[in-house]
Amino acid sequence: MRPCSNFWIEKDGKVVLSEWRVALLEAVEQTGSINAAAAQQGVPFRVAWRKIQEMEDGLGVPLTERITGGPRGGGTYLTEAGRAYIAQFHAAM
């Protein structure tokens, strides 16, 4: 046996960051795609999209930047705020 715990951050009574949500953001940063990040996390695209929207709405800042089109077909990347929230979450753990 080993002790376990789960850590999350709430704002106004709603979860805005959790280990899973931060892992999703990190997967977006790694893959450059919400779709690929969702697949990596084992959830449908719509779930990943909704969780990112919930985080952005709850925190009041954009965590991702979406780029459409282009030679590589666009993608999604983290904003500086997104990277900062990930760092703060890891520091708080």
# chains A, B, ... in the order shown; residues from 1 in each chain; ligands from 1
>>> select_by_dssp(residues="chain A", states="helix (DSSP H, G or I)", output="ChimeraX atom specification")
/A:19-31,34-41,45-59,80-92
>>> closest_atom_pairs(of="region 58-87 of chain A", to="region 15-33 of chain A", cutoff="6 Å", atoms="only C-alpha atoms", output="Markdown table")
| residue | atom | partner | partner_atom | distance |
| --- | --- | --- | --- | --- |
| A:Gly58 | CA | A:Val16 | CA | 5.8 |
| A:Gly75 | CA | A:Ser33 | CA | 5.2 |
| A:Thr76 | CA | A:Ser33 | CA | 5.0 |
| A:Tyr77 | CA | A:Gly32 | CA | 5.5 |
| A:Leu78 | CA | A:Glu29 | CA | 5.9 |
>>> residues_around(residues="Gly82 (chain A)", least_positions_apart="6", cutoff="9 Å", atoms="only C-alpha atoms", output="VMD selection string")
chain A and resid 25 61 to 64
>>> atom_distance(atom1="CA of Ala91 (chain A)", atom2="CA of Gly42 (chain A)")
25.8 Å
>>> decode(residues="region 42-62 of chain A", atoms="N, CA, C and O atoms", output="PDB file, in the first residue's frame")
ATOM      1  N   GLY A  42      -6.247  10.038 -24.131  1.00  0.00           N
ATOM      2  CA  GLY A  42      -7.263   8.987 -24.182  1.00  0.00           C
ATOM      3  C   GLY A  42      -8.691   9.482 -24.052  1.00  0.00           C
ATOM      4  O   GLY A  42      -9.540   8.775 -23.514  1.00  0.00           O
ATOM      5  N   VAL A  43      -8.945  10.717 -24.525  1.00  0.00           N
ATOM      6  CA  VAL A  43     -10.299  11.269 -24.478  1.00  0.00           C
ATOM      7  C   VAL A  43     -10.692  11.777 -25.861  1.00  0.00           C
ATOM      8  O   VAL A  43      -9.839  12.089 -26.681  1.00  0.00           O
ATOM      9  N   PRO A  44     -11.992  11.887 -26.127  1.00  0.00           N
ATOM     10  CA  PRO A  44     -12.429  12.461 -27.397  1.00  0.00           C
ATOM     11  C   PRO A  44     -12.026  13.943 -27.507  1.00  0.00           C
ATOM     12  O   PRO A  44     -11.886  14.645 -26.497  1.00  0.00           O
ATOM     13  N   PHE A  45     -11.882  14.403 -28.732  1.00  0.00           N
ATOM     14  CA  PHE A  45     -11.528  15.800 -28.994  1.00  0.00           C
ATOM     15  C   PHE A  45     -12.466  16.752 -28.269  1.00  0.00           C
ATOM     16  O   PHE A  45     -12.030  17.730 -27.666  1.00  0.00           O
ATOM     17  N   ARG A  46     -13.768  16.469 -28.317  1.00  0.00           N
ATOM     18  CA  ARG A  46     -14.760  17.376 -27.708  1.00  0.00           C
ATOM     19  C   ARG A  46     -14.552  17.534 -26.209  1.00  0.00           C
ATOM     20  O   ARG A  46     -14.763  18.611 -25.660  1.00  0.00           O
ATOM     21  N   VAL A  47     -14.130  16.472 -25.536  1.00  0.00           N
ATOM     22  CA  VAL A  47     -13.861  16.551 -24.091  1.00  0.00           C
ATOM     23  C   VAL A  47     -12.654  17.458 -23.851  1.00  0.00           C
ATOM     24  O   VAL A  47     -12.686  18.337 -22.987  1.00  0.00           O
ATOM     25  N   ALA A  48     -11.598  17.247 -24.619  1.00  0.00           N
ATOM     26  CA  ALA A  48     -10.397  18.071 -24.464  1.00  0.00           C
ATOM     27  C   ALA A  48     -10.712  19.537 -24.751  1.00  0.00           C
ATOM     28  O   ALA A  48     -10.313  20.430 -23.990  1.00  0.00           O
ATOM     29  N   TRP A  49     -11.431  19.799 -25.818  1.00  0.00           N
ATOM     30  CA  TRP A  49     -11.806  21.168 -26.193  1.00  0.00           C
ATOM     31  C   TRP A  49     -12.613  21.827 -25.070  1.00  0.00           C
ATOM     32  O   TRP A  49     -12.343  22.951 -24.673  1.00  0.00           O
ATOM     33  N   ARG A  50     -13.597  21.095 -24.534  1.00  0.00           N
ATOM     34  CA  ARG A  50     -14.446  21.634 -23.476  1.00  0.00           C
ATOM     35  C   ARG A  50     -13.637  21.928 -22.207  1.00  0.00           C
ATOM     36  O   ARG A  50     -13.828  22.969 -21.573  1.00  0.00           O
ATOM     37  N   LYS A  51     -12.718  21.050 -21.846  1.00  0.00           N
ATOM     38  CA  LYS A  51     -11.908  21.269 -20.646  1.00  0.00           C
ATOM     39  C   LYS A  51     -11.006  22.484 -20.808  1.00  0.00           C
ATOM     40  O   LYS A  51     -10.821  23.271 -19.870  1.00  0.00           O
ATOM     41  N   ILE A  52     -10.453  22.668 -21.991  1.00  0.00           N
ATOM     42  CA  ILE A  52      -9.616  23.850 -22.244  1.00  0.00           C
ATOM     43  C   ILE A  52     -10.466  25.112 -22.146  1.00  0.00           C
ATOM     44  O   ILE A  52     -10.067  26.097 -21.518  1.00  0.00           O
ATOM     45  N   GLN A  53     -11.656  25.086 -22.724  1.00  0.00           N
ATOM     46  CA  GLN A  53     -12.571  26.229 -22.638  1.00  0.00           C
ATOM     47  C   GLN A  53     -12.935  26.524 -21.187  1.00  0.00           C
ATOM     48  O   GLN A  53     -12.974  27.683 -20.770  1.00  0.00           O
ATOM     49  N   GLU A  54     -13.214  25.488 -20.398  1.00  0.00           N
ATOM     50  CA  GLU A  54     -13.549  25.667 -18.984  1.00  0.00           C
ATOM     51  C   GLU A  54     -12.390  26.320 -18.232  1.00  0.00           C
ATOM     52  O   GLU A  54     -12.608  27.202 -17.395  1.00  0.00           O
ATOM     53  N   MET A  55     -11.160  25.863 -18.508  1.00  0.00           N
ATOM     54  CA  MET A  55      -9.997  26.451 -17.845  1.00  0.00           C
ATOM     55  C   MET A  55      -9.838  27.921 -18.220  1.00  0.00           C
ATOM     56  O   MET A  55      -9.631  28.775 -17.352  1.00  0.00           O
ATOM     57  N   GLU A  56      -9.949  28.213 -19.516  1.00  0.00           N
ATOM     58  CA  GLU A  56      -9.797  29.594 -19.979  1.00  0.00           C
ATOM     59  C   GLU A  56     -10.894  30.494 -19.414  1.00  0.00           C
ATOM     60  O   GLU A  56     -10.606  31.609 -18.961  1.00  0.00           O
ATOM     61  N   ASP A  57     -12.119  30.010 -19.416  1.00  0.00           N
ATOM     62  CA  ASP A  57     -13.231  30.796 -18.861  1.00  0.00           C
ATOM     63  C   ASP A  57     -13.053  31.014 -17.364  1.00  0.00           C
ATOM     64  O   ASP A  57     -13.242  32.125 -16.859  1.00  0.00           O
ATOM     65  N   GLY A  58     -12.680  29.965 -16.651  1.00  0.00           N
ATOM     66  CA  GLY A  58     -12.522  30.056 -15.211  1.00  0.00           C
ATOM     67  C   GLY A  58     -11.375  30.948 -14.777  1.00  0.00           C
ATOM     68  O   GLY A  58     -11.471  31.675 -13.791  1.00  0.00           O
ATOM     69  N   LEU A  59     -10.266  30.894 -15.517  1.00  0.00           N
ATOM     70  CA  LEU A  59      -9.102  31.704 -15.180  1.00  0.00           C
ATOM     71  C   LEU A  59      -9.179  33.109 -15.767  1.00  0.00           C
ATOM     72  O   LEU A  59      -8.470  34.008 -15.326  1.00  0.00           O
ATOM     73  N   GLY A  60     -10.019  33.278 -16.780  1.00  0.00           N
ATOM     74  CA  GLY A  60     -10.200  34.597 -17.380  1.00  0.00           C
ATOM     75  C   GLY A  60      -9.088  35.023 -18.320  1.00  0.00           C
ATOM     76  O   GLY A  60      -8.969  36.204 -18.634  1.00  0.00           O
ATOM     77  N   VAL A  61      -8.296  34.060 -18.778  1.00  0.00           N
ATOM     78  CA  VAL A  61      -7.218  34.358 -19.731  1.00  0.00           C
ATOM     79  C   VAL A  61      -7.133  33.242 -20.759  1.00  0.00           C
ATOM     80  O   VAL A  61      -7.452  32.090 -20.451  1.00  0.00           O
ATOM     81  N   PRO A  62      -6.696  33.564 -21.967  1.00  0.00           N
ATOM     82  CA  PRO A  62      -6.481  32.488 -22.943  1.00  0.00           C
ATOM     83  C   PRO A  62      -5.230  31.688 -22.575  1.00  0.00           C
ATOM     84  O   PRO A  62      -4.182  32.266 -22.291  1.00  0.00           O
TER      85      PRO A  62
END
